[in-house]
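Structure file run_9.pdb (PDB, C-alpha atoms, pLDDT in the B column) is printed below.
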ATOM      1  CA  PRO A   1     -98.155  38.033  44.642  1.00 93.00           C
ATOM      2  CA  LEU A   2     -99.177  36.140  41.517  1.00 96.00           C
ATOM      3  CA  CYS A   3    -101.989  37.038  39.135  1.00 98.00           C
ATOM      4  CA  LEU A   4    -103.681  34.992  36.472  1.00 98.00           C
ATOM      5  CA  ILE A   5    -105.633  36.182  33.438  1.00 98.00           C
ATOM      6  CA  MET A   6    -107.925  33.762  31.637  1.00 98.00           C
ATOM      7  CA  VAL A   7    -108.614  34.976  28.089  1.00 98.00           C
ATOM      8  CA  ASP A   8    -111.191  33.896  25.532  1.00 97.00           C
ATOM      9  CA  LEU A   9    -111.340  35.204  21.958  1.00 97.00           C
ATOM     10  CA  ASP A  10    -114.977  36.204  21.510  1.00 97.00           C
ATOM     11  CA  ARG A  11    -116.978  34.590  18.685  1.00 95.00           C
ATOM     12  CA  PHE A  12    -113.917  32.686  17.484  1.00 95.00           C
ATOM     13  CA  ARG A  13    -115.950  29.784  16.096  1.00 93.00           C
ATOM     14  CA  GLU A  14    -117.954  32.268  14.011  1.00 92.00           C
ATOM     15  CA  ILE A  15    -114.737  33.918  12.811  1.00 92.00           C
ATOM     16  CA  ASN A  16    -113.379  30.553  11.661  1.00 91.00           C
ATOM     17  CA  GLY A  17    -116.684  29.784   9.947  1.00 90.00           C
ATOM     18  CA  ALA A  18    -116.908  33.125   8.159  1.00 89.00           C
ATOM     19  CA  TYR A  19    -113.264  33.663   7.236  1.00 90.00           C
ATOM     20  CA  GLY A  20    -111.701  30.193   7.373  1.00 90.00           C
ATOM     21  CA  ASN A  21    -109.138  28.551   9.624  1.00 91.00           C
ATOM     22  CA  GLU A  22    -106.194  30.399   8.099  1.00 93.00           C
ATOM     23  CA  THR A  23    -107.675  33.760   9.090  1.00 91.00           C
ATOM     24  CA  GLY A  24    -108.586  32.283  12.471  1.00 92.00           C
ATOM     25  CA  ASP A  25    -104.943  31.324  12.972  1.00 94.00           C
ATOM     26  CA  ARG A  26    -103.899  34.870  12.046  1.00 94.00           C
ATOM     27  CA  VAL A  27    -106.391  36.239  14.612  1.00 94.00           C
ATOM     28  CA  ILE A  28    -104.764  34.106  17.313  1.00 95.00           C
ATOM     29  CA  LEU A  29    -101.268  35.240  16.316  1.00 95.00           C
ATOM     30  CA  GLU A  30    -102.266  38.915  16.278  1.00 95.00           C
ATOM     31  CA  ALA A  31    -103.952  38.655  19.685  1.00 96.00           C
ATOM     32  CA  VAL A  32    -100.864  36.967  21.140  1.00 95.00           C
ATOM     33  CA  ARG A  33     -98.694  39.711  19.624  1.00 97.00           C
ATOM     34  CA  VAL A  34    -100.764  42.303  21.528  1.00 97.00           C
ATOM     35  CA  PHE A  35    -100.358  40.343  24.752  1.00 96.00           C
ATOM     36  CA  LYS A  36     -96.613  40.001  24.324  1.00 95.00           C
ATOM     37  CA  LYS A  37     -96.307  43.730  23.640  1.00 97.00           C
ATOM     38  CA  ASN A  38     -97.997  44.469  26.983  1.00 97.00           C
ATOM     39  CA  LEU A  39     -96.317  41.768  29.090  1.00 97.00           C
ATOM     40  CA  ARG A  40     -92.921  41.633  30.760  1.00 95.00           C
ATOM     41  CA  PRO A  41     -90.311  38.966  30.000  1.00 96.00           C
ATOM     42  CA  SER A  42     -91.121  37.341  33.365  1.00 96.00           C
ATOM     43  CA  ASP A  43     -94.813  36.921  32.454  1.00 97.00           C
ATOM     44  CA  ILE A  44     -95.978  33.679  30.881  1.00 97.00           C
ATOM     45  CA  ILE A  45     -98.672  33.310  28.229  1.00 96.00           C
ATOM     46  CA  ALA A  46     -99.899  29.855  27.223  1.00 96.00           C
ATOM     47  CA  ARG A  47    -102.622  28.558  24.964  1.00 92.00           C
ATOM     48  CA  TYR A  48    -105.175  26.867  27.210  1.00 88.00           C
ATOM     49  CA  GLY A  49    -107.546  25.642  24.511  1.00 86.00           C
ATOM     50  CA  GLY A  50    -108.489  26.417  20.932  1.00 86.00           C
ATOM     51  CA  ASP A  51    -109.245  30.082  21.543  1.00 92.00           C
ATOM     52  CA  GLU A  52    -108.426  30.361  25.235  1.00 95.00           C
ATOM     53  CA  PHE A  53    -105.212  31.534  26.874  1.00 97.00           C
ATOM     54  CA  THR A  54    -103.831  31.853  30.366  1.00 97.00           C
ATOM     55  CA  VAL A  55    -101.383  34.517  31.412  1.00 98.00           C
ATOM     56  CA  LEU A  56     -99.346  34.283  34.630  1.00 98.00           C
ATOM     57  CA  LEU A  57     -98.003  37.529  36.035  1.00 98.00           C
ATOM     58  CA  PRO A  58     -95.641  36.916  38.967  1.00 98.00           C
ATOM     59  CA  GLY A  59     -95.027  39.805  41.349  1.00 97.00           C
ATOM     60  CA  THR A  60     -98.019  41.740  40.010  1.00 96.00           C
ATOM     61  CA  SER A  61    -100.938  43.119  41.998  1.00 95.00           C
ATOM     62  CA  LEU A  62    -104.569  42.630  41.050  1.00 95.00           C
ATOM     63  CA  GLU A  63    -104.870  46.335  40.235  1.00 95.00           C
ATOM     64  CA  GLU A  64    -101.822  46.268  37.930  1.00 97.00           C
ATOM     65  CA  THR A  65    -103.029  43.097  36.222  1.00 97.00           C
ATOM     66  CA  ASP A  66    -106.492  44.551  35.724  1.00 97.00           C
ATOM     67  CA  GLY A  67    -104.911  47.556  33.973  1.00 97.00           C
ATOM     68  CA  ILE A  68    -102.828  45.301  31.706  1.00 97.00           C
ATOM     69  CA  ALA A  69    -105.878  43.193  30.830  1.00 98.00           C
ATOM     70  CA  TRP A  70    -107.971  46.257  29.952  1.00 98.00           C
ATOM     71  CA  ARG A  71    -105.150  47.644  27.790  1.00 98.00           C
ATOM     72  CA  VAL A  72    -104.904  44.332  25.921  1.00 98.00           C
ATOM     73  CA  CYS A  73    -108.692  44.197  25.560  1.00 98.00           C
ATOM     74  CA  ARG A  74    -108.703  47.662  23.980  1.00 98.00           C
ATOM     75  CA  GLU A  75    -105.719  47.016  21.700  1.00 98.00           C
ATOM     76  CA  VAL A  76    -107.093  43.693  20.437  1.00 97.00           C
ATOM     77  CA  SER A  77    -110.411  45.384  19.623  1.00 96.00           C
ATOM     78  CA  GLU A  78    -108.478  47.923  17.525  1.00 95.00           C
ATOM     79  CA  LEU A  79    -106.956  45.241  15.272  1.00 93.00           C
ATOM     80  CA  THR A  80    -108.124  45.612  11.663  1.00 88.00           C
ATOM     81  CA  LEU A  81    -107.379  42.090  10.459  1.00 88.00           C
ATOM     82  CA  LEU A  82    -111.042  41.125   9.935  1.00 88.00           C
ATOM     83  CA  LYS A  83    -111.990  44.444   8.342  1.00 81.00           C
ATOM     84  CA  ASP A  84    -109.143  43.961   5.880  1.00 75.00           C
ATOM     85  CA  ALA A  85    -110.210  40.326   5.203  1.00 75.00           C
ATOM     86  CA  GLY A  86    -113.431  41.523   3.538  1.00 71.00           C
ATOM     87  CA  GLY A  87    -115.787  38.950   5.027  1.00 64.00           C
ATOM     88  CA  GLY A  88    -118.043  41.555   6.586  1.00 67.00           C
ATOM     89  CA  VAL A  89    -119.701  39.091   8.979  1.00 74.00           C
ATOM     90  CA  ILE A  90    -117.628  39.979  12.035  1.00 83.00           C
ATOM     91  CA  GLU A  91    -115.332  42.953  11.716  1.00 84.00           C
ATOM     92  CA  GLN A  92    -113.987  43.314  15.247  1.00 91.00           C
ATOM     93  CA  ILE A  93    -111.766  40.924  17.182  1.00 94.00           C
ATOM     94  CA  THR A  94    -112.521  41.080  20.892  1.00 97.00           C
ATOM     95  CA  THR A  95    -111.560  39.282  24.065  1.00 98.00           C
ATOM     96  CA  SER A  96    -113.272  38.464  27.312  1.00 98.00           C
ATOM     97  CA  GLN A  97    -110.881  38.229  30.238  1.00 98.00           C
ATOM     98  CA  GLY A  98    -111.054  37.088  33.841  1.00 98.00           C
ATOM     99  CA  VAL A  99    -108.456  38.214  36.375  1.00 98.00           C
ATOM    100  CA  ALA A 100    -107.648  36.786  39.811  1.00 98.00           C
ATOM    101  CA  GLY A 101    -104.765  37.279  42.189  1.00 97.00           C
ATOM    102  CA  TYR A 102    -103.011  35.356  44.920  1.00 96.00           C
ATOM    103  CA  PRO A 103    -103.159  36.101  47.799  1.00 95.00           C
ATOM    104  CA  GLU A 104    -105.476  39.067  47.127  1.00 94.00           C
ATOM    105  CA  CYS A 105    -108.457  36.975  45.960  1.00 96.00           C
ATOM    106  CA  VAL A 106    -107.759  33.401  46.977  1.00 96.00           C
ATOM    107  CA  SER A 107    -106.078  31.628  49.859  1.00 93.00           C
ATOM    108  CA  ASP A 108    -104.213  29.031  47.803  1.00 91.00           C
ATOM    109  CA  LEU A 109    -102.983  28.574  44.275  1.00 87.00           C
ATOM    110  CA  GLU A 110    -105.469  25.800  43.496  1.00 86.00           C
ATOM    111  CA  GLU A 111    -108.291  28.342  43.784  1.00 95.00           C
ATOM    112  CA  LEU A 112    -106.564  30.837  41.481  1.00 97.00           C
ATOM    113  CA  ARG A 113    -107.596  29.274  38.165  1.00 95.00           C
ATOM    114  CA  ALA A 114    -111.156  28.727  39.335  1.00 96.00           C
ATOM    115  CA  ALA A 115    -111.470  32.367  40.441  1.00 97.00           C
ATOM    116  CA  ALA A 116    -110.056  33.685  37.140  1.00 97.00           C
ATOM    117  CA  ASP A 117    -112.284  31.293  35.154  1.00 96.00           C
ATOM    118  CA  SER A 118    -115.361  32.454  37.065  1.00 97.00           C
ATOM    119  CA  ALA A 119    -114.434  36.081  36.349  1.00 98.00           C
ATOM    120  CA  LEU A 120    -113.991  35.189  32.648  1.00 98.00           C
ATOM    121  CA  TYR A 121    -117.525  33.790  32.479  1.00 97.00           C
ATOM    122  CA  ARG A 122    -118.873  36.942  34.146  1.00 98.00           C
ATOM    123  CA  ALA A 123    -117.131  38.980  31.416  1.00 98.00           C
ATOM    124  CA  LYS A 124    -118.763  36.875  28.699  1.00 97.00           C
ATOM    125  CA  GLU A 125    -122.186  37.115  30.351  1.00 97.00           C
ATOM    126  CA  ALA A 126    -121.801  40.903  30.696  1.00 96.00           C
ATOM    127  CA  GLY A 127    -121.518  41.284  26.935  1.00 94.00           C
ATOM    128  CA  LYS A 128    -117.952  40.277  26.009  1.00 95.00           C
ATOM    129  CA  ASN A 129    -115.101  42.616  25.015  1.00 97.00           C
ATOM    130  CA  ARG A 130    -114.383  43.305  28.671  1.00 97.00           C
ATOM    131  CA  VAL A 131    -112.416  42.357  31.772  1.00 98.00           C
ATOM    132  CA  GLU A 132    -113.875  41.142  35.050  1.00 98.00           C
ATOM    133  CA  SER A 133    -111.825  40.634  38.196  1.00 97.00           C
ATOM    134  CA  ALA A 134    -112.297  38.295  41.123  1.00 96.00           C
ATOM    135  CA  ALA A 135    -113.194  40.105  44.311  1.00 94.00           C
ATOM    136  CA  PRO A 136    -110.403  40.648  46.809  1.00 91.00           C
ATOM    137  CA  ARG A 137    -110.718  38.573  49.982  1.00 85.00           C
ATOM    138  CA  ARG A 138    -111.964  40.349  53.053  1.00 77.00           C
ATOM    139  CA  SER A 139    -109.318  40.810  55.692  1.00 64.00           C
ATOM    140  CA  THR A 140    -110.128  39.253  59.032  1.00 50.00           C
TER
END
Show me the file's structure as structure tokens.
Amino acid sequence: PLCLIMVDLDRFREINGAYGNETGDRVILEAVRVFKKNLRPSDIIARYGGDEFTVLLPGTSLEETDGIAWRVCREVSELTLLKDAGGGVIEQITTSQGVAGYPECVSDLEELRAAADSALYRAKEAGKNRVESAAPRRST
């Protein structure tokens, strides 16, 4: 099995605008620190875009990955970096995350990113600061 988490830092553009790029960079570093604390050495985290990340978790089930993603979501939201920065515009750092697993959710690896990305957008549409998972495939 192989799972993928697509992560987006919520309201990151607003954070950069309110606090500046240096604080935005610190937000990214702190969020990555939380991920690394919750991941195994065999897991891979990579920056996918400005405020987006992908995490590959080999040998991990969808259920296990969902638990890791929720733990990271909670721990990132507990960071006090913005409260301590004194800007007052946005005080909480949050993430939206989409999780998908192979072969639990998709039949090939090419579909894995698309399934995780779709789950990420569902998380953002559902109000952010949350994790959504791709549906497991029905057995035939």
- Message: Excluding Leu29 (chain A) and its own-chain neighbours fewer than 2 positions away, which residues fall within 12 Å of it when counting only C-alpha atoms? Please give them as a list in words.
- Response: Leu9, Glu22, Thr23, Gly24, Asp25, Arg26, Val27, Ala31, Val32, Arg33, Val34, Phe35, Lys36, Arg47, Asp51, Phe53, Val76, Leu79, Leu81 and Ile93 of chain A
Just-selected residues, C-alpha atoms written as a PDB file, in the frame of the given file:
ATOM      1  CA  LEU A   9    -111.340  35.204  21.958  1.00 97.00           C
ATOM      2  CA  GLU A  22    -106.194  30.399   8.099  1.00 93.00           C
ATOM      3  CA  THR A  23    -107.675  33.760   9.090  1.00 91.00           C
ATOM      4  CA  GLY A  24    -108.586  32.283  12.471  1.00 92.00           C
ATOM      5  CA  ASP A  25    -104.943  31.324  12.972  1.00 94.00           C
ATOM      6  CA  ARG A  26    -103.899  34.870  12.046  1.00 94.00           C
ATOM      7  CA  VAL A  27    -106.391  36.239  14.612  1.00 94.00           C
ATOM      8  CA  ALA A  31    -103.952  38.655  19.685  1.00 96.00           C
ATOM      9  CA  VAL A  32    -100.864  36.967  21.140  1.00 95.00           C
ATOM     10  CA  ARG A  33     -98.694  39.711  19.624  1.00 97.00           C
ATOM     11  CA  VAL A  34    -100.764  42.303  21.528  1.00 97.00           C
ATOM     12  CA  PHE A  35    -100.358  40.343  24.752  1.00 96.00           C
ATOM     13  CA  LYS A  36     -96.613  40.001  24.324  1.00 95.00           C
ATOM     14  CA  ARG A  47    -102.622  28.558  24.964  1.00 92.00           C
ATOM     15  CA  ASP A  51    -109.245  30.082  21.543  1.00 92.00           C
ATOM     16  CA  PHE A  53    -105.212  31.534  26.874  1.00 97.00           C
ATOM     17  CA  VAL A  76    -107.093  43.693  20.437  1.00 97.00           C
ATOM     18  CA  LEU A  79    -106.956  45.241  15.272  1.00 93.00           C
ATOM     19  CA  LEU A  81    -107.379  42.090  10.459  1.00 88.00           C
ATOM     20  CA  ILE A  93    -111.766  40.924  17.182  1.00 94.00           C
TER      21      ILE A  93
END
- Item | Which residue of A:Val55, A:Val72, A:Ala18, A:Ile45 approaches Asn129 (chain A) most closely, using only C-alpha atoms |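 Among A:Val55, A:Val72, A:Ala18, A:Ile45, it is A:Val72 that comes nearest to Asn129 (chain A).
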- I would like the residues chosen by the PyMOL selection byres ((chain A and resi 95-109) around 6) on the shown file; could you give them as a PyMOL selection string? chain A and resi 1-10+62+73+94+110-112+115-116+119-120+123-124+128-137
Quick one: axis-aligned box around all listed atoms of region 46-57 of chain A, 5 Å on every side, centre and edge lengths in Å to one decimal, written as AutoDock Vina command-line options.
--center_x -103.6 --center_y 31.6 --center_z 28.5 --size_x 21.2 --size_y 21.9 --size_z 25.1
- Expressed in Å to a single decimal, how great is the separation between CA of Ser61 (chain A) and CA of Tyr48 (chain A)?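 Interatomic distance here is 22.4 Å.
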- Residue with smallest distance to Glu91 (chain A) - pool A:Arg11, A:Asn38, A:Arg138, A:Gly59, counting all atoms listed in the file: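 Closest candidate: A:Arg11.
CA of Asn16 (chain A) lies 28.6 Å from CA of Asp43 (chain A).
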- Message: Report, in Å to a single decimal, how far apart CA of Asp117 (chain A) and CA of Thr54 (chain A) are.
- Response: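 Here the two named atoms are 9.7 Å from each other.
Restricting the calculation to only C-alpha atoms, the smallest distance between Arg40 (chain A) and any of A:Ile68, A:Ala114, A:Ala126, A:Tyr19 is found for A:Ile68.
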